[in-house]
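Visitor: upload_16.tsv is the file, holding TSV, C-alpha atoms:
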chain	number	residue	atom	x	y	z
A	708	MET	CA	98.99	20.85	99.48
A	709	ALA	CA	101.70	23.20	98.39
A	710	GLU	CA	102.43	26.23	100.50
A	711	SER	CA	100.81	28.53	97.95
A	712	ASP	CA	97.57	26.53	97.97
A	713	LEU	CA	94.79	26.71	100.52
A	714	PRO	CA	96.42	25.54	103.75
A	715	GLY	CA	95.04	22.77	105.93
A	716	GLY	CA	94.57	22.77	109.67
A	717	HIS	CA	91.96	24.44	111.83
A	718	GLY	CA	93.82	26.60	114.31
A	719	ASP	CA	92.12	29.75	115.57
A	720	GLU	CA	95.28	31.80	115.23
A	721	ALA	CA	97.96	31.69	112.62
A	722	ALA	CA	101.68	32.06	112.88
A	723	PRO	CA	103.06	35.19	111.22
A	724	SER	CA	103.55	34.82	107.49
A	725	THR	CA	107.09	34.70	106.17
A	726	ARG	CA	106.00	36.23	102.87
A	727	GLY	CA	106.92	39.70	101.71
A	728	ALA	CA	104.47	42.60	101.42
A	729	ALA	CA	105.08	43.30	97.74
A	730	THR	CA	105.22	41.15	94.63
A	731	GLY	CA	107.52	43.33	92.55
A	732	GLU	CA	107.49	42.85	88.79
A	733	PRO	CA	104.02	41.22	88.41
A	734	THR	CA	102.37	44.08	90.27
A	735	ARG	CA	104.32	46.67	88.28
A	736	LEU	CA	103.22	45.12	84.99
A	737	LEU	CA	99.56	44.90	86.03
A	738	ARG	CA	99.50	48.48	87.26
A	739	ALA	CA	101.20	49.67	84.07
A	740	ALA	CA	98.53	47.90	82.01
A	741	LEU	CA	95.72	49.43	84.06
A	742	GLN	CA	97.32	52.84	83.77
A	743	GLU	CA	97.51	52.49	79.99
A	744	VAL	CA	93.83	51.54	79.82
A	745	SER	CA	93.00	54.64	81.89
A	746	THR	CA	94.53	56.85	79.19
A	747	VAL	CA	91.49	55.93	77.07
A	748	ILE	CA	88.77	55.03	79.59
A	749	VAL	CA	87.73	57.85	81.89
A	750	GLY	CA	86.33	57.19	85.34
A	751	GLN	CA	85.24	53.55	85.09
A	752	ASP	CA	88.09	52.38	87.31
A	753	GLN	CA	86.15	49.60	89.01
A	754	MET	CA	84.96	48.13	85.71
A	755	VAL	CA	88.49	48.14	84.32
A	756	GLU	CA	90.03	46.70	87.49
A	757	ARG	CA	87.40	43.97	87.79
A	758	SER	CA	87.90	43.02	84.13
A	759	MET	CA	91.62	42.66	84.80
A	760	VAL	CA	90.90	40.64	87.94
A	761	ALA	CA	88.71	38.25	85.92
A	762	LEU	CA	91.43	37.91	83.28
A	763	ILE	CA	94.18	37.14	85.80
A	764	ALA	CA	91.87	34.79	87.73
A	765	ARG	CA	91.07	32.84	84.53
A	766	GLY	CA	87.39	33.75	84.81
A	767	HIS	CA	84.75	35.54	82.77
A	768	CYS	CA	83.02	38.84	83.42
A	769	LEU	CA	79.48	40.16	82.87
A	770	LEU	CA	79.12	43.93	82.57
A	771	GLU	CA	75.66	45.39	83.14
A	772	GLY	CA	74.89	48.99	82.31
A	773	VAL	CA	73.00	51.31	80.02
A	774	PRO	CA	74.37	52.00	76.50
A	775	GLY	CA	77.10	54.57	75.95
A	776	ILE	CA	79.17	54.15	79.13
A	777	ALA	CA	82.27	52.65	77.45
A	778	LYS	CA	81.71	48.97	78.17
A	779	THR	CA	82.69	47.86	74.67
A	780	LEU	CA	85.52	50.41	74.45
A	781	ALA	CA	86.94	49.22	77.78
A	782	VAL	CA	87.09	45.59	76.62
A	783	SER	CA	88.69	46.40	73.25
A	784	THR	CA	91.19	48.71	74.96
A	785	LEU	CA	92.10	46.04	77.50
A	786	ALA	CA	92.69	43.60	74.65
A	787	LYS	CA	95.02	46.05	72.88
A	788	VAL	CA	96.97	46.82	76.05
A	789	THR	CA	97.44	43.16	76.94
A	790	GLY	CA	98.31	42.15	73.38
A	791	GLY	CA	95.55	39.57	72.95
A	792	SER	CA	93.40	38.92	69.91
A	793	PHE	CA	89.91	40.42	70.11
A	794	ALA	CA	86.56	39.38	68.67
A	795	ARG	CA	83.21	41.10	69.11
A	796	VAL	CA	79.95	39.21	68.62
A	797	GLN	CA	76.78	41.27	68.50
A	798	PHE	CA	74.03	39.10	69.97
A	799	THR	CA	70.67	39.42	68.20
A	800	PRO	CA	67.44	37.36	68.27
A	801	ASP	CA	68.22	35.77	64.88
A	802	LEU	CA	71.72	34.60	65.88
A	803	VAL	CA	72.37	30.84	65.74
A	804	PRO	CA	75.04	28.84	67.64
A	805	SER	CA	77.13	28.23	64.52
A	806	ASP	CA	77.58	32.02	64.19
A	807	ILE	CA	79.54	31.87	67.44
A	808	VAL	CA	81.40	28.57	67.70
A	809	GLY	CA	81.67	27.69	63.99
A	810	THR	CA	80.29	24.93	61.77
A	811	ARG	CA	81.15	22.28	59.18
A	812	ILE	CA	80.82	23.33	55.53
A	813	TYR	CA	80.55	20.87	52.65
A	814	HIS	CA	82.66	21.60	49.56
A	815	PRO	CA	81.34	19.84	46.44
A	816	SER	CA	84.67	20.26	44.65
A	817	THR	CA	86.48	18.09	47.20
A	818	GLU	CA	83.43	16.15	48.41
A	819	GLN	CA	84.60	16.80	51.95
A	820	PHE	CA	83.52	18.79	54.97
A	821	ASP	CA	85.76	21.57	56.19
A	822	VAL	CA	85.49	23.15	59.64
A	823	GLU	CA	85.04	26.90	59.81
A	824	LEU	CA	85.88	28.03	63.33
A	825	GLY	CA	83.78	30.81	64.83
A	826	PRO	CA	84.76	34.15	66.35
A	827	VAL	CA	85.14	32.67	69.85
A	828	PHE	CA	88.64	31.58	68.88
A	829	ALA	CA	90.26	34.73	70.25
A	830	ASN	CA	91.85	35.72	73.56
A	831	PHE	CA	89.16	38.32	74.27
A	832	VAL	CA	85.59	37.56	73.21
A	833	LEU	CA	83.08	40.37	73.69
A	834	ALA	CA	79.50	39.03	73.79
A	835	ASP	CA	77.75	42.33	73.23
A	836	GLU	CA	74.18	42.52	74.58
A	837	ILE	CA	74.19	38.82	75.39
A	838	ASN	CA	70.61	38.91	76.69
A	839	ARG	CA	69.27	39.74	73.21
A	840	ALA	CA	69.92	36.20	71.96
A	841	PRO	CA	67.63	33.25	72.81
A	842	ALA	CA	68.61	30.47	75.20
A	843	LYS	CA	69.84	28.17	72.42
A	844	VAL	CA	72.51	30.68	71.46
A	845	GLN	CA	73.41	31.53	75.04
A	846	SER	CA	73.86	27.83	75.82
A	847	SER	CA	76.41	27.52	73.01
A	848	LEU	CA	78.79	29.45	75.27
A	849	LEU	CA	78.54	26.98	78.17
A	850	GLU	CA	81.24	24.63	76.88
A	851	VAL	CA	83.28	27.58	75.67
A	852	MET	CA	83.31	29.23	79.10
A	853	ALA	CA	83.62	26.14	81.29
A	854	GLU	CA	85.96	23.84	79.32
A	855	LYS	CA	87.51	26.50	77.05
A	856	GLN	CA	87.02	24.30	74.01
A	857	VAL	CA	84.58	23.79	71.12
A	858	SER	CA	83.33	20.42	69.87
A	859	LEU	CA	82.50	20.28	66.15
A	860	GLY	CA	81.89	17.16	64.09
A	861	GLY	CA	83.29	14.84	66.73
A	862	THR	CA	86.52	16.86	67.08
A	863	THR	CA	87.45	19.07	70.02
A	864	TYR	CA	89.20	22.36	69.29
A	865	PRO	CA	90.96	24.10	72.22
A	866	LEU	CA	90.54	27.85	72.54
A	867	PRO	CA	93.50	30.25	72.75
A	868	ASP	CA	95.22	30.66	76.09
A	869	PRO	CA	94.64	33.02	77.83
A	870	PHE	CA	90.91	33.22	77.12
A	871	ILE	CA	88.14	35.35	78.57
A	872	VAL	CA	84.52	36.05	77.69
A	873	ILE	CA	83.32	39.52	78.66
A	874	ALA	CA	79.60	39.93	78.09
A	875	THR	CA	77.48	43.07	78.29
A	876	GLN	CA	73.78	43.47	78.91
A	877	ASN	CA	71.37	46.39	79.15
A	878	PRO	CA	69.27	46.28	82.35
A	879	VAL	CA	66.75	48.88	81.16
A	880	GLU	CA	65.15	47.36	78.06
A	881	SER	CA	62.70	44.50	78.58
A	882	GLU	CA	61.39	43.95	75.03
A	883	GLY	CA	63.18	41.47	72.81
A	884	VAL	CA	65.52	40.26	75.56
A	885	TYR	CA	66.05	36.83	77.09
A	886	PRO	CA	67.24	36.88	80.71
A	887	LEU	CA	70.30	34.73	81.32
A	888	PRO	CA	69.41	31.41	82.98
A	889	GLU	CA	71.01	30.50	86.30
A	890	ALA	CA	73.43	28.02	84.71
A	891	GLN	CA	74.70	30.70	82.33
A	892	ARG	CA	75.11	33.35	85.04
A	893	ASP	CA	76.99	30.88	87.21
A	894	ARG	CA	79.67	30.54	84.50
A	895	PHE	CA	80.62	34.18	84.98
A	896	LEU	CA	83.18	34.79	87.68
A	897	MET	CA	81.86	38.30	88.26
A	898	LYS	CA	78.99	40.56	87.34
A	899	VAL	CA	79.92	44.24	87.47
A	900	VAL	CA	77.24	46.93	87.50
A	901	VAL	CA	78.51	49.95	85.54
A	902	ASP	CA	77.07	53.38	86.34
A	903	HIS	CA	77.09	56.69	84.48
A	904	PRO	CA	80.23	58.83	84.90
A	905	ARG	CA	80.16	61.74	87.31
A	906	ALA	CA	80.13	65.38	86.17
A	907	HIS	CA	83.90	65.97	86.28
A	908	GLU	CA	84.48	62.65	84.51
A	909	GLU	CA	81.99	63.64	81.82
A	910	MET	CA	83.94	66.86	81.29
A	911	GLU	CA	87.16	64.88	80.93
A	912	ILE	CA	85.45	62.58	78.41
A	913	LEU	CA	84.52	65.64	76.36
A	914	ARG	CA	88.04	66.99	76.49
A	915	ARG	CA	89.74	63.68	75.72
A	916	MET	CA	87.42	62.07	73.18
A	917	SER	CA	85.76	64.89	71.21
A	918	ALA	CA	88.71	65.66	68.90
A	919	ARG	CA	91.29	62.92	68.43
A	920	PRO	CA	90.73	59.99	70.83
A	921	PRO	CA	93.93	58.61	72.40
A	922	GLU	CA	95.32	55.29	71.16
A	923	PRO	CA	96.44	52.76	73.79
A	924	HIS	CA	99.84	51.09	73.58
A	925	GLN	CA	100.56	47.42	74.17
A	926	VAL	CA	102.05	46.74	77.60
A	927	LEU	CA	101.70	42.96	77.97
A	928	ASP	CA	101.55	39.93	75.68
A	929	PRO	CA	99.79	36.55	75.97
A	930	VAL	CA	102.91	34.80	77.27
A	931	THR	CA	103.34	37.39	80.03
A	932	LEU	CA	99.62	37.16	80.81
A	933	LYS	CA	99.92	33.43	81.42
A	934	GLU	CA	102.89	34.05	83.72
A	935	LEU	CA	100.83	36.62	85.66
A	936	GLN	CA	98.01	34.10	85.99
A	937	ARG	CA	100.46	31.62	87.48
A	938	ASP	CA	101.78	34.35	89.81
A	939	ALA	CA	98.22	34.93	91.04
A	940	GLU	CA	97.74	31.22	91.71
A	941	ARG	CA	100.77	31.37	94.03
A	942	VAL	CA	99.30	34.17	96.17
A	943	HIS	CA	98.90	32.83	99.70
A	944	VAL	CA	95.41	32.21	101.10
A	945	HIS	CA	95.39	31.65	104.84
A	946	GLN	CA	93.19	28.90	106.22
A	947	LEU	CA	91.05	31.46	108.09
A	948	ILE	CA	90.52	33.41	104.87
A	949	ALA	CA	89.38	30.20	103.17
A	950	ASP	CA	87.08	29.51	106.11
A	951	TYR	CA	85.66	33.04	105.82
A	952	VAL	CA	84.91	32.51	102.13
A	953	VAL	CA	83.10	29.25	102.88
A	954	ARG	CA	81.05	30.87	105.67
A	955	LEU	CA	79.97	33.69	103.36
A	956	VAL	CA	78.78	31.25	100.72
A	957	MET	CA	77.12	28.91	103.22
A	958	ALA	CA	75.24	31.86	104.72
A	959	THR	CA	73.37	32.19	101.41
A	960	ARG	CA	72.29	28.53	101.64
A	961	GLU	CA	71.69	28.19	105.39
A	962	PRO	CA	71.19	31.80	106.58
A	963	GLU	CA	69.54	30.72	109.84
A	964	ASN	CA	72.82	29.09	110.90
A	965	TYR	CA	74.83	32.28	110.33
A	966	GLY	CA	72.83	34.94	112.14
A	967	ALA	CA	70.55	36.01	109.27
A	968	PRO	CA	67.35	33.91	109.54
A	969	GLU	CA	65.29	36.58	107.77
A	970	LEU	CA	67.07	35.72	104.50
A	971	ARG	CA	65.36	32.33	104.33
A	972	ARG	CA	62.16	34.03	103.13
A	973	VAL	CA	63.86	35.84	100.26
A	974	LEU	CA	66.40	33.26	99.04
A	975	GLU	CA	65.24	30.47	96.74
A	976	VAL	CA	68.73	29.19	95.84
A	977	GLY	CA	72.03	30.20	97.42
A	978	ALA	CA	75.44	30.57	95.82
A	979	SER	CA	77.07	27.51	94.25
A	980	PRO	CA	80.55	26.11	94.96
A	981	ARG	CA	81.73	28.17	91.97
A	982	ALA	CA	81.21	31.20	94.22
A	983	SER	CA	83.72	29.85	96.77
A	984	LEU	CA	86.26	29.03	94.08
A	985	GLY	CA	85.64	32.34	92.35
A	986	LEU	CA	86.03	34.41	95.51
A	987	VAL	CA	89.39	32.84	96.25
A	988	ALA	CA	90.67	33.16	92.67
A	989	ALA	CA	89.48	36.76	92.33
A	990	ALA	CA	90.89	37.71	95.74
A	991	ARG	CA	94.27	36.31	94.74
A	992	ALA	CA	94.26	38.36	91.53
A	993	LEU	CA	93.19	41.52	93.36
A	994	ALA	CA	95.89	41.04	96.00
A	995	LEU	CA	98.50	40.71	93.24
A	996	ILE	CA	97.30	43.92	91.58
A	997	ARG	CA	97.49	45.71	94.94
A	998	GLY	CA	101.06	44.58	95.56
A	999	ARG	CA	100.65	41.72	98.01
A	1000	ASP	CA	101.38	37.99	97.81
A	1001	TYR	CA	98.76	37.17	100.43
A	1002	VAL	CA	95.00	37.72	100.57
A	1003	LEU	CA	93.34	39.94	103.20
A	1004	PRO	CA	89.70	39.84	104.35
A	1005	GLU	CA	89.20	43.22	102.66
A	1006	ASP	CA	89.97	41.62	99.29
A	1007	VAL	CA	87.20	39.07	99.83
A	1008	ARG	CA	84.72	41.63	101.14
A	1009	GLY	CA	85.40	44.03	98.27
A	1010	LEU	CA	84.70	41.32	95.69
A	1011	ALA	CA	81.75	39.61	97.42
A	1012	ARG	CA	79.08	41.63	95.60
A	1013	ASP	CA	80.63	41.07	92.19
A	1014	VAL	CA	81.19	37.34	92.68
A	1015	MET	CA	78.13	36.28	94.69
A	1016	ALA	CA	75.16	38.52	93.88
A	1017	HIS	CA	74.43	37.28	90.35
A	1018	ARG	CA	74.44	33.64	91.51
A	1019	LEU	CA	71.56	34.08	93.96
A	1020	VAL	CA	67.98	33.17	93.01
A	1021	LEU	CA	65.27	35.15	94.82
A	1022	THR	CA	61.85	33.96	95.90
A	1023	PHE	CA	58.69	35.38	94.39
A	1024	ASP	CA	58.03	37.33	97.60
A	1025	ALA	CA	61.47	38.93	97.39
A	1026	LEU	CA	60.92	39.95	93.78
A	1027	ALA	CA	57.51	41.39	94.66
A	1028	ASP	CA	59.01	43.37	97.54
A	1029	GLY	CA	61.80	44.78	95.39
A	1030	VAL	CA	64.61	43.01	97.26
A	1031	THR	CA	67.89	42.88	95.31
A	1032	THR	CA	70.65	40.32	95.43
A	1033	THR	CA	73.21	43.00	96.33
A	1034	GLN	CA	71.18	43.83	99.43
A	1035	ILE	CA	71.29	40.16	100.41
A	1036	VAL	CA	75.09	40.02	99.95
A	1037	ASP	CA	75.45	43.16	102.09
A	1038	ARG	CA	73.35	41.49	104.80
A	1039	VAL	CA	75.52	38.37	104.63
A	1040	LEU	CA	78.68	40.48	104.94
A	1041	ALA	CA	77.21	42.15	108.02
A	1042	ALA	CA	76.20	38.83	109.59
A	1043	VAL	CA	79.41	36.86	108.99
A	1044	PRO	CA	82.42	38.35	110.83
A	1045	PRO	CA	85.76	38.34	109.00
A	1046	PRO	CA	88.98	37.11	110.62
A	1047	ARG	CA	91.06	39.78	112.29
A	1048	VAL	CA	94.41	40.76	110.79
A	1049	ILE	CA	97.29	41.03	113.26
A	1050	TRP	CA	100.22	43.01	111.92
A	1051	ASP	CA	103.77	42.22	112.96
A	1052	ASP	CA	106.88	44.11	111.83
A	1053	PRO	CA	110.00	42.01	112.28
A	1054	PRO	CA	113.33	43.32	110.95
A	1055	GLY	CA	112.84	41.46	107.65
A	1056	GLY	CA	109.71	43.35	106.65
A	1057	GLU	CA	105.97	43.63	107.10
A	1058	HIS	CA	104.13	40.41	107.93
A	1059	ALA	CA	100.50	39.63	108.57
A	1060	ALA	CA	98.88	36.96	110.70
A	1061	MET	CA	95.23	36.08	111.04
A	1062	ALA	CA	93.08	35.47	114.08
A	1063	ALA	CA	89.54	34.17	114.19
A	1064	GLY	CA	86.95	36.95	114.33
Translate this file's structure into structure tokens.
Guide:
Amino acid sequence: MAESDLPGGHGDEAAPSTRGAATGEPTRLLRAALQEVSTVIVGQDQMVERSMVALIARGHCLLEGVPGIAKTLAVSTLAKVTGGSFARVQFTPDLVPSDIVGTRIYHPSTEQFDVELGPVFANFVLADEINRAPAKVQSSLLEVMAEKQVSLGGTTYPLPDPFIVIATQNPVESEGVYPLPEAQRDRFLMKVVVDHPRAHEEMEILRRMSARPPEPHQVLDPVTLKELQRDAERVHVHQLIADYVVRLVMATREPENYGAPELRRVLEVGASPRASLGLVAAARALALIRGRDYVLPEDVRGLARDVMAHRLVLTFDALADGVTTTQIVDRVLAAVPPPRVIWDDPPGGEHAAMAAG
């Protein structure tokens, strides 16, 4: 494997990294983009940061929250700041798959079929209230999200690059909604729970948005975004960090082997291998945003809820007892010790090594 990929070997202690502590221009660009989004979006820093992490990690993001907390505005603002094309699809019970991916239309004048591509052919696709559409419509996004292509009439059409689906859902309403199946949830890199703003943030929203709302300016473009995605893929992941990710995921499948036997009663299905891949990709993107070209255990721990919780399937007993998937992830984080970071400061700069926890 290349040096920037997951390293091999199984030593308990690592030699000090020869990588620098900062990543320079990529980090500056990402922070400038996040700062520009914050001129419009008040308070929802985690939602905005996680959306950017999903974009840089080539993943998709599910936002869950009550109406009116700027989920849609955040996505459209992020699209404007990053210079990507934007399409919003309002999911309703009467929606059909062709409304999303496109269809073939017969023209009598030419006696031929023409392909009309759907709104998913954009850099940013907002699937608004995705749980209001039935399973047939939701499943039309599976190929879109996994292979980033659409098959129509025997022809495959690639989607724009970069490409991200950001879906929203309302957790309060239960009438006229169709919960996302496990296969659909697993396609999302992260699920972010969005809360109401706090009092001082609400006051700032009133001040900023009640008269003339600010307009965001473009900071990035699709070509730069693809370069930033490649920069994130080069962020170093130490072997012990990779091992920590695997242990976290395996603890949801075999909790009795990782110091949490009580989770066996509440877990029907643990996290899939997409959780391991997603944790590493998201941690790389987060490290790049935070100015490092190496991943720390704190990056993995901070993203564990967002990446793992929505992939877990609870038993009937757990649902009856009111157990949540975030509580299970917190228990896994407490049971599985992270590797220790050993800091070393040679004359050339700040370096980090890892030691088994």
Visitor: I'd like the interatomic distance between atom CA of Lys933 of chain A and atom CA of Ile763 of chain A, to a tenth of an Å.
Guide: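 Between atom CA of Lys933 of chain A and atom CA of Ile763 of chain A the gap works out to 8.1 Å.
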Visitor: Go through A:Thr779, A:Ser917, A:Gln797, A:Gln845 and flag the residue nearest Pro888 of chain A, using only C-alpha atoms for the distances.
Guide: A:Gln845
Visitor: If we count only C-alpha atoms and set the cut-off at 7 Å, which residues sit around segment 1013-1016 of chain A, ignoring sequence neighbours fewer than 5 positions away in its own chain? Please answer as a list in words.
Guide: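 The residues satisfying every condition are Leu896, Met897, Lys898, Val899, Ala978, Ala982, Gly985, Leu986, Thr1032, Thr1033 and Val1036 of chain A.
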Visitor: So, counting only C-alpha atoms, which residue among A:Pro923, A:Phe870, A:Leu913, A:Arg765 is closest to Ser783 of chain A?
Guide: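 Nearest candidate to Ser783 of chain A out of A:Pro923, A:Phe870, A:Leu913, A:Arg765: A:Pro923.
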Visitor: For a quick check of understanding, using all atoms listed in the file, which of A:Val788, A:Ala1041, A:Ala777, A:Ile807 has the smallest distance to Ala740 of chain A?
Guide: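 Smallest separation from Ala740 of chain A among the options: A:Val788.
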Visitor: As an exercise, work out the distance from atom CA of Phe793 of chain A to atom CA of Phe831 of chain A in Å and give it to one decimal place.
Guide: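 Pair atom CA of Phe793 of chain A / atom CA of Phe831 of chain A returns 4.7 Å.
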Visitor: Using Å and a single decimal, report how far atom CA of Arg941 of chain A sits from atom CA of Asp1037 of chain A.
Guide: 29.1 Å
Visitor: Given all atoms listed in the file as the basis, pick out the residue of A:Leu859, A:Ile812, A:Ala1011, A:Leu887 nearest to Lys843 of chain A.
Guide: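 Residue with the minimum atom-to-atom distance to Lys843 of chain A: A:Leu887.
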Visitor: Using only C-alpha atoms, find the one residue out of A:His924, A:Arg1038, A:Lys778, A:Lys855 that sits nearest to Asn877 of chain A.
Guide: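 Among the listed residues, A:Lys778 lies closest to Asn877 of chain A.
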Visitor: Choose the residue, out of A:Asn964, A:Gln946, A:Thr1022, A:Gln819, that has the smallest atom-to-atom separation from Val987 of chain A; count all atoms listed in the file.
Guide: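 Among the listed residues, the smallest separation from Val987 of chain A belongs to A:Gln946.
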Visitor: Using all atoms listed in the file, determine which residues lie at most 10 Å from Val796 of chain A, disregarding the query and same-chain residues fewer than 2 positions distant; provide the list as a PyMOL selection string.
Guide: chain A and resi 794+798-799+802+806-807+825-827+832-837+874
